[in-house]
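The structure appears right after this line, and notes come after that.
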Amino acid sequence: MRRTPVRGAAVLLGAVALTTVTACGAAPEGDAGAKGGGAKAATAASAKEFGGLDALIAAAKKEGALHVIALPPDWANYGELIKTFETKYGIEVESENPDAASADEIAAVKSRKGQKRAPDVLDLGIAFARSGAEEGLFAPYKVEAWDKIPAAQKDEAGRWYNDYGGYVSIGCDAKRVPNCPKTFADLLKPEYKGKVALNGNPTKSGSAFGGVYAAALANKGSFADIQPGIDFFGKLRKSGNFIPVESTPATVEKGETPISIDWDYLNAGYADQFKDKGVDWQVAVPTDGVYAQFYSQAVNKDAPHPAAARLWMEFLYSTEGQNLWLKGYARPVLLPAMTADGTADKTFVAKLPAVAGTPAFPASAELDAAKATLAEKWDKAVS
């Protein structure tokens with residue numbers, strides 16, 4: 001059920017609408033950086049502070065591993081990102097529980113403190129990124145591309161920053177559904193009985209949360225009022241159209257979830273993934289409920305591999321890393337800057353799902369309120 005709410009303010013998407021403890025056997029903290037006159041890896045707030053990127057690479061290679069959780073290989077091209085990082089630096093990425101949610105990541109940081117099994121880095125919903133920062137769980141670290149990340153997309157202290165994002169979309173198996181829905185209003189039609197699904201429970205899944213928020217906007221709700229979205233899915237459930245089945249690549253391929261409300265980069269990926277398996281997966285960003293979110297990255301303050309954790313961040317925010325997000329149909333946070341300097345892969349940009357208009361984004365207080373409302377009312381509405 002990958003992902004927890006909520007992926008936050010993503011001003012960039014509008015602009016591109018075309019968002020310590022050393023492990024057993026690891027090197028001593030920041031050994032290479034310390035020899036070069038820099039800070040220890042576990043306290044270095046930038047590559048420069050550590051002694052330079054080359055020193056960071058050397059220290060990360062000496063650690064030899066990076067422990068991650070909640071990174072599905074078929075999510076926004078994470079599989080290729082991980083493989084590329086491993087090949088580029090000779091560092092093994094130990095990926096655990098890829099289908100976990102942001103809440104599981106935070107729990108792992110807390111419960112595994114001092115253990116080499118603790119996650120080194122985190123990919124989180126903005127609500128969890130902010131709360132984790134407030135709890136002092138993350139290490140301040142500013143990547144070399146820091147100045148290119150808009151202020152609205154990052155924590156001023158560098159404890160978290162947005163990386164990639166997408167729009168809520170409706171995916172549909174055109175071979176099983178003669179007339180694929182294009183809007184939330186369409187989903188209420190009787191012809192879609194037993195066909196509509198979300199990617200998880202919106203109280204735990206960020207993509208599902210986004211689907212409910214988008215439905216609220218499509219039904220006279222607002223960022224301050226997600227209730228119309230909850231009511232919409234309640235109505236959809238009572239009509240028999242909405243099914244309580246978590247949409248996954250497996251359910252899409254098998255035809256168990258012929259209509260899936262999910263991020264556009266996931267739905268677009270399904271279209272490619274299952275084209276040769278007889279699935280004609282169509283993707284539409286609903287015009288009556290345009291909603292976009294970004295995911296945030298953070299470094300565990302007690303990362304067992306502190307140098308590798310920081311190098312992973314540098315890689316994700318490099319031109320190479322950002323273009324790999326694009327290849328997975330996700331919209332990287334540095335896309336506007338890369339478009340301006342000509343480093344964005346134009347082939348991948350051209351393949352992004354079409355979006356009409358420029359979306360707006362909720363404030364922190366609105367996100368918190370929406371999350372609380374869902375926690376209180378979702379189960380009752382769809383049971």
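Just remember, in the structure tokens the first chain shown is A, the second B, etc., residues are 1-based per chain, and ligands are 1-based in the order shown.
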
Got a sec to tell me which of segment 93-229 of chain A DSSP assigns to strand (DSSP E or B), as a compact mmCIF listing (two decimals) with all heavy atoms, in the first residue's frame?
```txt
# COMPACT_ATOMS: atom_id res chain seq x y z
N VAL A 93 22.43 -1.23 -2.20
CA VAL A 93 21.22 -0.66 -1.61
C VAL A 93 20.40 -1.80 -1.03
O VAL A 93 19.91 -2.66 -1.77
CB VAL A 93 20.40 0.12 -2.65
CG1 VAL A 93 19.10 0.64 -2.00
CG2 VAL A 93 21.20 1.29 -3.21
N GLU A 94 20.29 -1.82 0.29
CA GLU A 94 19.51 -2.84 0.98
C GLU A 94 18.08 -2.33 1.09
O GLU A 94 17.77 -1.49 1.92
CB GLU A 94 20.11 -3.10 2.36
CG GLU A 94 21.58 -3.52 2.33
CD GLU A 94 22.25 -3.42 3.68
OE1 GLU A 94 21.69 -2.74 4.57
OE2 GLU A 94 23.34 -4.00 3.84
N SER A 95 17.21 -2.84 0.24
CA SER A 95 15.84 -2.36 0.18
C SER A 95 14.90 -3.30 0.92
O SER A 95 14.76 -4.47 0.57
CB SER A 95 15.39 -2.23 -1.28
OG SER A 95 14.08 -1.73 -1.37
N GLU A 96 14.26 -2.78 1.95
CA GLU A 96 13.37 -3.57 2.80
C GLU A 96 11.93 -3.08 2.71
O GLU A 96 11.68 -1.87 2.60
CB GLU A 96 13.84 -3.46 4.26
CG GLU A 96 12.96 -4.18 5.26
CD GLU A 96 13.33 -3.87 6.70
OE1 GLU A 96 14.42 -3.29 6.92
OE2 GLU A 96 12.54 -4.19 7.61
N VAL A 121 17.81 6.77 4.82
CA VAL A 121 17.12 7.89 4.19
C VAL A 121 15.62 7.59 4.15
O VAL A 121 15.20 6.44 4.29
CB VAL A 121 17.64 8.13 2.76
CG1 VAL A 121 19.06 8.68 2.79
CG2 VAL A 121 17.58 6.84 1.94
N LEU A 122 14.84 8.64 3.94
CA LEU A 122 13.38 8.46 3.93
C LEU A 122 12.75 9.22 2.77
O LEU A 122 13.19 10.31 2.41
CB LEU A 122 12.78 8.95 5.25
CG LEU A 122 13.33 8.25 6.49
CD1 LEU A 122 14.33 9.16 7.18
CD2 LEU A 122 12.23 7.87 7.44
N ASP A 123 11.72 8.62 2.20
CA ASP A 123 10.89 9.23 1.16
C ASP A 123 9.51 9.35 1.79
O ASP A 123 8.84 8.34 2.02
CB ASP A 123 10.88 8.33 -0.06
CG ASP A 123 9.99 8.83 -1.18
OD1 ASP A 123 8.89 9.33 -0.89
OD2 ASP A 123 10.37 8.70 -2.35
N LEU A 124 9.06 10.57 2.06
CA LEU A 124 7.90 10.77 2.93
C LEU A 124 6.85 11.71 2.36
O LEU A 124 7.15 12.59 1.55
CB LEU A 124 8.36 11.38 4.27
CG LEU A 124 9.38 10.58 5.08
CD1 LEU A 124 10.09 11.52 6.05
CD2 LEU A 124 8.67 9.47 5.83
N PHE A 138 15.51 14.00 11.80
CA PHE A 138 16.26 14.13 10.56
C PHE A 138 17.51 15.00 10.72
O PHE A 138 17.53 15.94 11.52
CB PHE A 138 15.39 14.72 9.45
CG PHE A 138 14.06 14.03 9.28
CD1 PHE A 138 12.92 14.75 8.94
CD2 PHE A 138 13.94 12.66 9.46
CE1 PHE A 138 11.69 14.13 8.78
CE2 PHE A 138 12.72 12.02 9.30
CZ PHE A 138 11.60 12.76 8.97
N LYS A 154 10.99 23.30 0.36
CA LYS A 154 12.01 22.75 1.25
C LYS A 154 11.93 23.39 2.64
O LYS A 154 11.42 24.48 2.83
CB LYS A 154 13.40 23.00 0.66
CG LYS A 154 13.73 24.48 0.43
CD LYS A 154 14.99 24.65 -0.40
CE LYS A 154 15.29 26.12 -0.67
NZ LYS A 154 16.45 26.29 -1.57
N TYR A 161 13.21 18.07 1.95
CA TYR A 161 12.91 18.88 0.76
C TYR A 161 12.22 18.00 -0.26
O TYR A 161 12.45 16.80 -0.34
CB TYR A 161 14.15 19.54 0.15
CG TYR A 161 15.49 18.91 0.46
CD1 TYR A 161 16.18 18.20 -0.50
CD2 TYR A 161 16.06 19.06 1.73
CE1 TYR A 161 17.43 17.65 -0.23
CE2 TYR A 161 17.30 18.52 2.01
CZ TYR A 161 17.98 17.80 1.02
OH TYR A 161 19.22 17.25 1.30
N ASN A 162 11.33 18.62 -1.03
CA ASN A 162 10.55 17.89 -2.02
C ASN A 162 11.45 17.44 -3.17
O ASN A 162 12.47 18.06 -3.46
CB ASN A 162 9.41 18.74 -2.55
CG ASN A 162 8.33 18.97 -1.52
OD1 ASN A 162 8.24 18.24 -0.53
ND2 ASN A 162 7.50 19.97 -1.72
N ASP A 163 11.02 16.38 -3.83
CA ASP A 163 11.87 15.80 -4.88
C ASP A 163 11.12 15.54 -6.18
O ASP A 163 11.54 15.96 -7.24
CB ASP A 163 12.47 14.49 -4.36
CG ASP A 163 13.59 13.98 -5.24
OD1 ASP A 163 13.95 14.66 -6.22
OD2 ASP A 163 14.11 12.89 -4.97
N TYR A 164 10.00 14.83 -6.13
CA TYR A 164 9.26 14.50 -7.33
C TYR A 164 7.77 14.47 -7.00
O TYR A 164 7.40 14.32 -5.83
CB TYR A 164 9.68 13.13 -7.88
CG TYR A 164 9.33 12.00 -6.94
CD1 TYR A 164 8.15 11.29 -7.07
CD2 TYR A 164 10.18 11.65 -5.89
CE1 TYR A 164 7.80 10.27 -6.18
CE2 TYR A 164 9.86 10.63 -5.01
CZ TYR A 164 8.68 9.94 -5.16
OH TYR A 164 8.34 8.95 -4.28
N GLY A 165 6.95 14.62 -8.00
CA GLY A 165 5.50 14.63 -7.74
C GLY A 165 4.69 14.28 -8.96
O GLY A 165 5.22 13.93 -10.02
N GLY A 166 3.38 14.40 -8.82
CA GLY A 166 2.48 14.08 -9.91
C GLY A 166 1.07 14.52 -9.61
O GLY A 166 0.79 15.11 -8.56
N TYR A 167 0.18 14.26 -10.54
CA TYR A 167 -1.22 14.63 -10.44
C TYR A 167 -2.10 13.41 -10.19
O TYR A 167 -1.78 12.31 -10.66
CB TYR A 167 -1.69 15.29 -11.74
CG TYR A 167 -1.11 16.66 -12.00
CD1 TYR A 167 0.15 16.81 -12.55
CD2 TYR A 167 -1.84 17.81 -11.68
CE1 TYR A 167 0.68 18.07 -12.80
CE2 TYR A 167 -1.32 19.07 -11.93
CZ TYR A 167 -0.06 19.19 -12.49
OH TYR A 167 0.47 20.43 -12.73
N VAL A 168 -3.17 13.60 -9.47
CA VAL A 168 -4.17 12.54 -9.34
C VAL A 168 -4.75 12.29 -10.73
O VAL A 168 -5.06 13.23 -11.47
CB VAL A 168 -5.29 12.95 -8.37
CG1 VAL A 168 -6.47 11.98 -8.46
CG2 VAL A 168 -4.76 13.01 -6.95
N SER A 169 -4.85 11.02 -11.09
CA SER A 169 -5.35 10.67 -12.42
C SER A 169 -6.29 9.46 -12.32
O SER A 169 -6.35 8.78 -11.30
CB SER A 169 -4.19 10.34 -13.36
OG SER A 169 -3.52 9.16 -12.94
N ILE A 170 -6.99 9.21 -13.41
CA ILE A 170 -7.86 8.05 -13.51
C ILE A 170 -7.29 7.13 -14.58
O ILE A 170 -7.20 7.49 -15.75
CB ILE A 170 -9.29 8.45 -13.89
CG1 ILE A 170 -9.89 9.39 -12.84
CG2 ILE A 170 -10.18 7.21 -14.04
CD1 ILE A 170 -11.25 9.94 -13.21
N GLY A 171 -6.86 5.95 -14.14
CA GLY A 171 -6.38 4.95 -15.09
C GLY A 171 -7.49 3.97 -15.40
O GLY A 171 -8.31 3.65 -14.54
N CYS A 172 -7.53 3.48 -16.63
CA CYS A 172 -8.66 2.64 -17.05
C CYS A 172 -8.22 1.62 -18.10
O CYS A 172 -7.53 1.96 -19.07
CB CYS A 172 -9.77 3.52 -17.61
SG CYS A 172 -11.15 2.65 -18.38
N ASP A 173 -8.63 0.37 -17.90
CA ASP A 173 -8.36 -0.70 -18.85
C ASP A 173 -9.42 -0.64 -19.95
O ASP A 173 -10.55 -1.11 -19.77
CB ASP A 173 -8.40 -2.05 -18.14
CG ASP A 173 -7.97 -3.20 -19.04
OD1 ASP A 173 -7.93 -3.01 -20.27
OD2 ASP A 173 -7.67 -4.29 -18.51
N VAL A 196 -14.17 0.63 -9.65
CA VAL A 196 -13.35 1.77 -9.24
C VAL A 196 -12.58 1.48 -7.95
O VAL A 196 -13.15 1.05 -6.95
CB VAL A 196 -14.22 3.03 -9.03
CG1 VAL A 196 -13.34 4.23 -8.69
CG2 VAL A 196 -15.06 3.31 -10.29
N ALA A 197 -11.27 1.74 -7.97
CA ALA A 197 -10.43 1.47 -6.81
C ALA A 197 -9.46 2.61 -6.54
O ALA A 197 -9.17 3.44 -7.42
CB ALA A 197 -9.65 0.18 -7.01
N LEU A 198 -8.95 2.64 -5.31
CA LEU A 198 -7.90 3.57 -4.91
C LEU A 198 -6.63 2.78 -4.61
O LEU A 198 -6.68 1.57 -4.36
CB LEU A 198 -8.30 4.34 -3.63
CG LEU A 198 -9.29 5.48 -3.75
CD1 LEU A 198 -9.75 5.90 -2.35
CD2 LEU A 198 -8.66 6.67 -4.47
N SER A 222 -12.92 22.13 -0.80
CA SER A 222 -11.74 22.99 -0.89
C SER A 222 -10.62 22.37 -0.09
O SER A 222 -10.80 21.33 0.55
CB SER A 222 -12.06 24.38 -0.33
OG SER A 222 -12.31 24.31 1.07
N ASP A 225 -11.70 21.97 3.23
CA ASP A 225 -12.89 21.14 3.43
C ASP A 225 -12.82 19.90 2.55
O ASP A 225 -13.23 19.91 1.39
CB ASP A 225 -14.14 21.96 3.08
CG ASP A 225 -15.44 21.18 3.31
OD1 ASP A 225 -15.39 20.14 4.01
OD2 ASP A 225 -16.48 21.62 2.80
```

Check your understanding: Which residues, written as a list in words, have at least one atom at most 10 Å from Pro353 of chain A, with only C-alpha atoms counted and residues fewer than 4 positions away on the same chain left out?
Key ->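 Skipping anything fewer than 4 positions along the chain leaves Ala17, Leu18, Gly166, Tyr167, Ser169, Asp264, Tyr265, Asn267, Ala268, Val283, Ala284, Val285, Tyr329, Ala330 and Val349 of chain A.
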
With N, CA and C atoms kept, could you save the residues just selected as an mmCIF file, in the first residue's frame?
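Written output follows (selection_16.cif):
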```
data_model
loop_
_atom_site.group_PDB
_atom_site.id
_atom_site.type_symbol
_atom_site.label_atom_id
_atom_site.label_comp_id
_atom_site.auth_asym_id
_atom_site.auth_seq_id
_atom_site.Cartn_x
_atom_site.Cartn_y
_atom_site.Cartn_z
ATOM 1 N N ALA A 17 3.351 22.621 -15.368
ATOM 2 C CA ALA A 17 2.153 21.849 -15.645
ATOM 3 C C ALA A 17 2.089 21.434 -17.070
ATOM 4 N N LEU A 18 2.943 21.780 -17.556
ATOM 5 C CA LEU A 18 3.054 21.322 -18.962
ATOM 6 C C LEU A 18 1.819 20.981 -19.483
ATOM 7 N N GLY A 166 3.376 14.401 -8.815
ATOM 8 C CA GLY A 166 2.485 14.081 -9.912
ATOM 9 C C GLY A 166 1.067 14.525 -9.613
ATOM 10 N N TYR A 167 0.181 14.258 -10.542
ATOM 11 C CA TYR A 167 -1.223 14.635 -10.439
ATOM 12 C C TYR A 167 -2.096 13.407 -10.192
ATOM 13 N N SER A 169 -4.847 11.018 -11.088
ATOM 14 C CA SER A 169 -5.354 10.670 -12.417
ATOM 15 C C SER A 169 -6.286 9.460 -12.324
ATOM 16 N N ASP A 264 -0.531 10.162 -11.653
ATOM 17 C CA ASP A 264 -0.406 9.997 -13.103
ATOM 18 C C ASP A 264 0.861 9.251 -13.490
ATOM 19 N N TYR A 265 1.948 9.402 -12.707
ATOM 20 C CA TYR A 265 3.166 8.701 -13.090
ATOM 21 C C TYR A 265 3.053 7.196 -12.872
ATOM 22 N N ASN A 267 0.033 5.488 -13.072
ATOM 23 C CA ASN A 267 -0.876 5.026 -14.123
ATOM 24 C C ASN A 267 -0.195 5.012 -15.491
ATOM 25 N N ALA A 268 0.605 6.041 -15.774
ATOM 26 C CA ALA A 268 1.319 6.084 -17.048
ATOM 27 C C ALA A 268 2.324 4.939 -17.132
ATOM 28 N N VAL A 283 -4.957 6.813 -19.508
ATOM 29 C CA VAL A 283 -4.747 7.700 -18.364
ATOM 30 C C VAL A 283 -5.310 9.089 -18.632
ATOM 31 N N ALA A 284 -6.081 9.597 -17.674
ATOM 32 C CA ALA A 284 -6.641 10.939 -17.801
ATOM 33 C C ALA A 284 -6.538 11.669 -16.465
ATOM 34 N N VAL A 285 -6.092 12.919 -16.489
ATOM 35 C CA VAL A 285 -6.113 13.763 -15.301
ATOM 36 C C VAL A 285 -7.477 14.438 -15.285
ATOM 37 N N TYR A 329 7.874 9.099 -15.494
ATOM 38 C CA TYR A 329 6.695 9.952 -15.633
ATOM 39 C C TYR A 329 6.438 10.862 -14.426
ATOM 40 N N ALA A 330 7.360 10.881 -13.460
ATOM 41 C CA ALA A 330 7.210 11.796 -12.323
ATOM 42 C C ALA A 330 7.794 13.148 -12.704
ATOM 43 N N VAL A 349 10.038 14.581 -21.079
ATOM 44 C CA VAL A 349 9.101 15.682 -20.798
ATOM 45 C C VAL A 349 7.887 15.582 -21.717
#
```

**Study point:** Residue among A:Ala375, A:Ala271, A:Val109, A:Ile261 lying closest to Ser207 of chain A, counting only C-alpha atoms
**Key:** A:Ile261

Review point. Can you list, as a VMD selection string, every protein, DNA or RNA residue that comes within 10 Å of segment 177-181 of chain A when you count only C-alpha atoms, leaving out same-chain residues fewer than 4 positions away?
Key: chain A and resid 170 to 173 185 to 189 191 to 192 195 258 to 259 280 to 284 286

Exercise for review: Enumerate the residues of segment 235-274 of chain A with a DSSP assignment of alpha helix (DSSP H), computed from the backbone, and present them as an MDAnalysis selection string.
Suggested key: chainID A and resid 235:239 249:254 264:273

Write to file, as a CSV table (one decimal), in the first residue's frame, the residues of the selection just made, with N, CA, C and O atoms.
```csv
chain,number,residue,atom,x,y,z
A,235,LYS,N,-20.8,7.8,-1.4
A,235,LYS,CA,-21.8,7.6,-2.4
A,235,LYS,C,-21.4,6.6,-3.4
A,235,LYS,O,-22.2,5.7,-3.9
A,236,LEU,N,-20.1,6.6,-3.8
A,236,LEU,CA,-19.6,5.7,-4.8
A,236,LEU,C,-19.6,4.3,-4.2
A,236,LEU,O,-19.9,3.3,-5.0
A,237,ARG,N,-19.3,4.2,-2.9
A,237,ARG,CA,-19.4,2.8,-2.3
A,237,ARG,C,-20.8,2.3,-2.2
A,237,ARG,O,-21.0,1.1,-2.5
A,238,LYS,N,-21.7,3.1,-1.9
A,238,LYS,CA,-23.1,2.7,-1.8
A,238,LYS,C,-23.7,2.3,-3.1
A,238,LYS,O,-24.6,1.4,-3.2
A,239,SER,N,-23.2,2.9,-4.2
A,239,SER,CA,-23.7,2.6,-5.5
A,239,SER,C,-23.1,1.3,-6.0
A,239,SER,O,-23.6,0.7,-7.0
A,249,PRO,N,0.0,-3.0,-9.2
A,249,PRO,CA,0.4,-3.5,-10.6
A,249,PRO,C,-0.3,-4.9,-10.8
A,249,PRO,O,-0.7,-5.2,-11.9
A,250,ALA,N,-0.3,-5.7,-9.8
A,250,ALA,CA,-0.9,-7.1,-10.0
A,250,ALA,C,-2.4,-7.0,-10.2
A,250,ALA,O,-2.9,-7.7,-11.1
A,251,THR,N,-3.1,-6.2,-9.5
A,251,THR,CA,-4.5,-6.1,-9.7
A,251,THR,C,-4.9,-5.5,-11.0
A,251,THR,O,-5.9,-5.8,-11.6
A,252,VAL,N,-4.0,-4.5,-11.5
A,252,VAL,CA,-4.3,-3.9,-12.8
A,252,VAL,C,-4.1,-4.9,-13.9
A,252,VAL,O,-4.9,-5.1,-14.8
A,253,GLU,N,-3.0,-5.7,-13.8
A,253,GLU,CA,-2.7,-6.7,-14.8
A,253,GLU,C,-3.7,-7.8,-14.9
A,253,GLU,O,-4.1,-8.2,-16.0
A,254,LYS,N,-4.3,-8.2,-13.7
A,254,LYS,CA,-5.3,-9.2,-13.7
A,254,LYS,C,-6.7,-8.7,-14.0
A,254,LYS,O,-7.6,-9.5,-14.1
A,264,ASP,N,-0.5,10.2,-11.7
A,264,ASP,CA,-0.4,10.0,-13.1
A,264,ASP,C,0.9,9.3,-13.5
A,264,ASP,O,0.9,8.5,-14.5
A,265,TYR,N,1.9,9.4,-12.7
A,265,TYR,CA,3.2,8.7,-13.1
A,265,TYR,C,3.1,7.2,-12.9
A,265,TYR,O,3.7,6.4,-13.6
A,266,LEU,N,2.2,6.8,-11.9
A,266,LEU,CA,2.0,5.3,-11.7
A,266,LEU,C,1.1,4.8,-12.8
A,266,LEU,O,1.4,3.7,-13.4
A,267,ASN,N,0.0,5.5,-13.1
A,267,ASN,CA,-0.9,5.0,-14.1
A,267,ASN,C,-0.2,5.0,-15.5
A,267,ASN,O,-0.4,4.1,-16.3
A,268,ALA,N,0.6,6.0,-15.8
A,268,ALA,CA,1.3,6.1,-17.0
A,268,ALA,C,2.3,4.9,-17.1
A,268,ALA,O,2.5,4.4,-18.2
A,269,GLY,N,2.9,4.6,-16.0
A,269,GLY,CA,3.9,3.5,-16.0
A,269,GLY,C,3.2,2.2,-16.2
A,269,GLY,O,3.7,1.3,-16.9
A,270,TYR,N,1.9,2.0,-15.7
A,270,TYR,CA,1.2,0.8,-16.0
A,270,TYR,C,0.9,0.6,-17.5
A,270,TYR,O,0.9,-0.5,-18.0
A,271,ALA,N,0.6,1.8,-18.1
A,271,ALA,CA,0.4,1.7,-19.6
A,271,ALA,C,1.5,1.1,-20.3
A,271,ALA,O,1.4,0.3,-21.3
A,272,ASP,N,2.7,1.5,-20.0
A,272,ASP,CA,3.9,0.9,-20.6
A,272,ASP,C,4.2,-0.5,-20.2
A,272,ASP,O,4.5,-1.4,-21.0
A,273,GLN,N,4.0,-0.7,-18.9
A,273,GLN,CA,4.4,-2.0,-18.3
A,273,GLN,C,3.5,-3.2,-18.8
A,273,GLN,O,4.0,-4.3,-19.0
```

Check your understanding: Between A:Pro362, A:Pro306, A:Pro202, A:Gly289, which one has atoms that come closest to Glu376 of chain A, using only C-alpha atoms?
Key ->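 Using only C-alpha atoms, Glu376 of chain A sits closest to A:Pro202.
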
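When atom CA of Lys142 of chain A is paired with atom CA of Ser46 of chain A, their separation reads 5.2 Å.
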
For segment 99-159 of chain A against segment 371-374 of chain A, with a cut-off of 12 Å and counting only C-alpha atoms, what is the closest atom pair and its distance in Å to one decimal for every residue that makes the cut, ordered by chain and number, as JSON lines?
```
{"residue": "A:Gly125", "atom": "CA", "partner": "A:Lys371", "partner_atom": "CA", "distance": 11.6}
{"residue": "A:Ile126", "atom": "CA", "partner": "A:Lys371", "partner_atom": "CA", "distance": 11.6}
{"residue": "A:Ala127", "atom": "CA", "partner": "A:Lys371", "partner_atom": "CA", "distance": 8.9}
{"residue": "A:Phe128", "atom": "CA", "partner": "A:Lys371", "partner_atom": "CA", "distance": 11.1}
```

File dump, residues just selected, C-alpha atoms, as a PDB file, in the first residue's frame:
```
ATOM      1  CA  GLY A 125       4.595  12.536   2.636  1.00  0.00           C
ATOM      2  CA  ILE A 126       5.003  16.179   3.556  1.00  0.00           C
ATOM      3  CA  ALA A 127       2.951  15.841   6.740  1.00  0.00           C
ATOM      4  CA  PHE A 128       5.336  13.145   7.972  1.00  0.00           C
TER       5      PHE A 128
END
```

Exercise for review: Kindly indicate which residue among A:Gly255, A:Glu156, A:Thr319, A:Gly328 lies nearest to Pro73 of chain A, using only C-alpha atoms for the distances.
Suggested key: A:Gly328

Exercise for review: Between atom CA of Ala100 of chain A and atom CA of Ala70 of chain A, measure the distance and give it in Å to one decimal.
Suggested key: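 Value for the atom CA of Ala100 of chain A-atom CA of Ala70 of chain A distance: 4.6 Å.
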
Exercise for review: Have a look at atom CA of Pro140 of chain A and atom CA of Ala157 of chain A and let me know their distance in Å, one decimal.
Suggested key: 6.1 Å

Check your understanding: With distances taken over only C-alpha atoms, which of A:Lys110, A:Ala76, A:Pro228, A:Ala340 is nearest to Glu135 of chain A?
Key -> A:Lys110
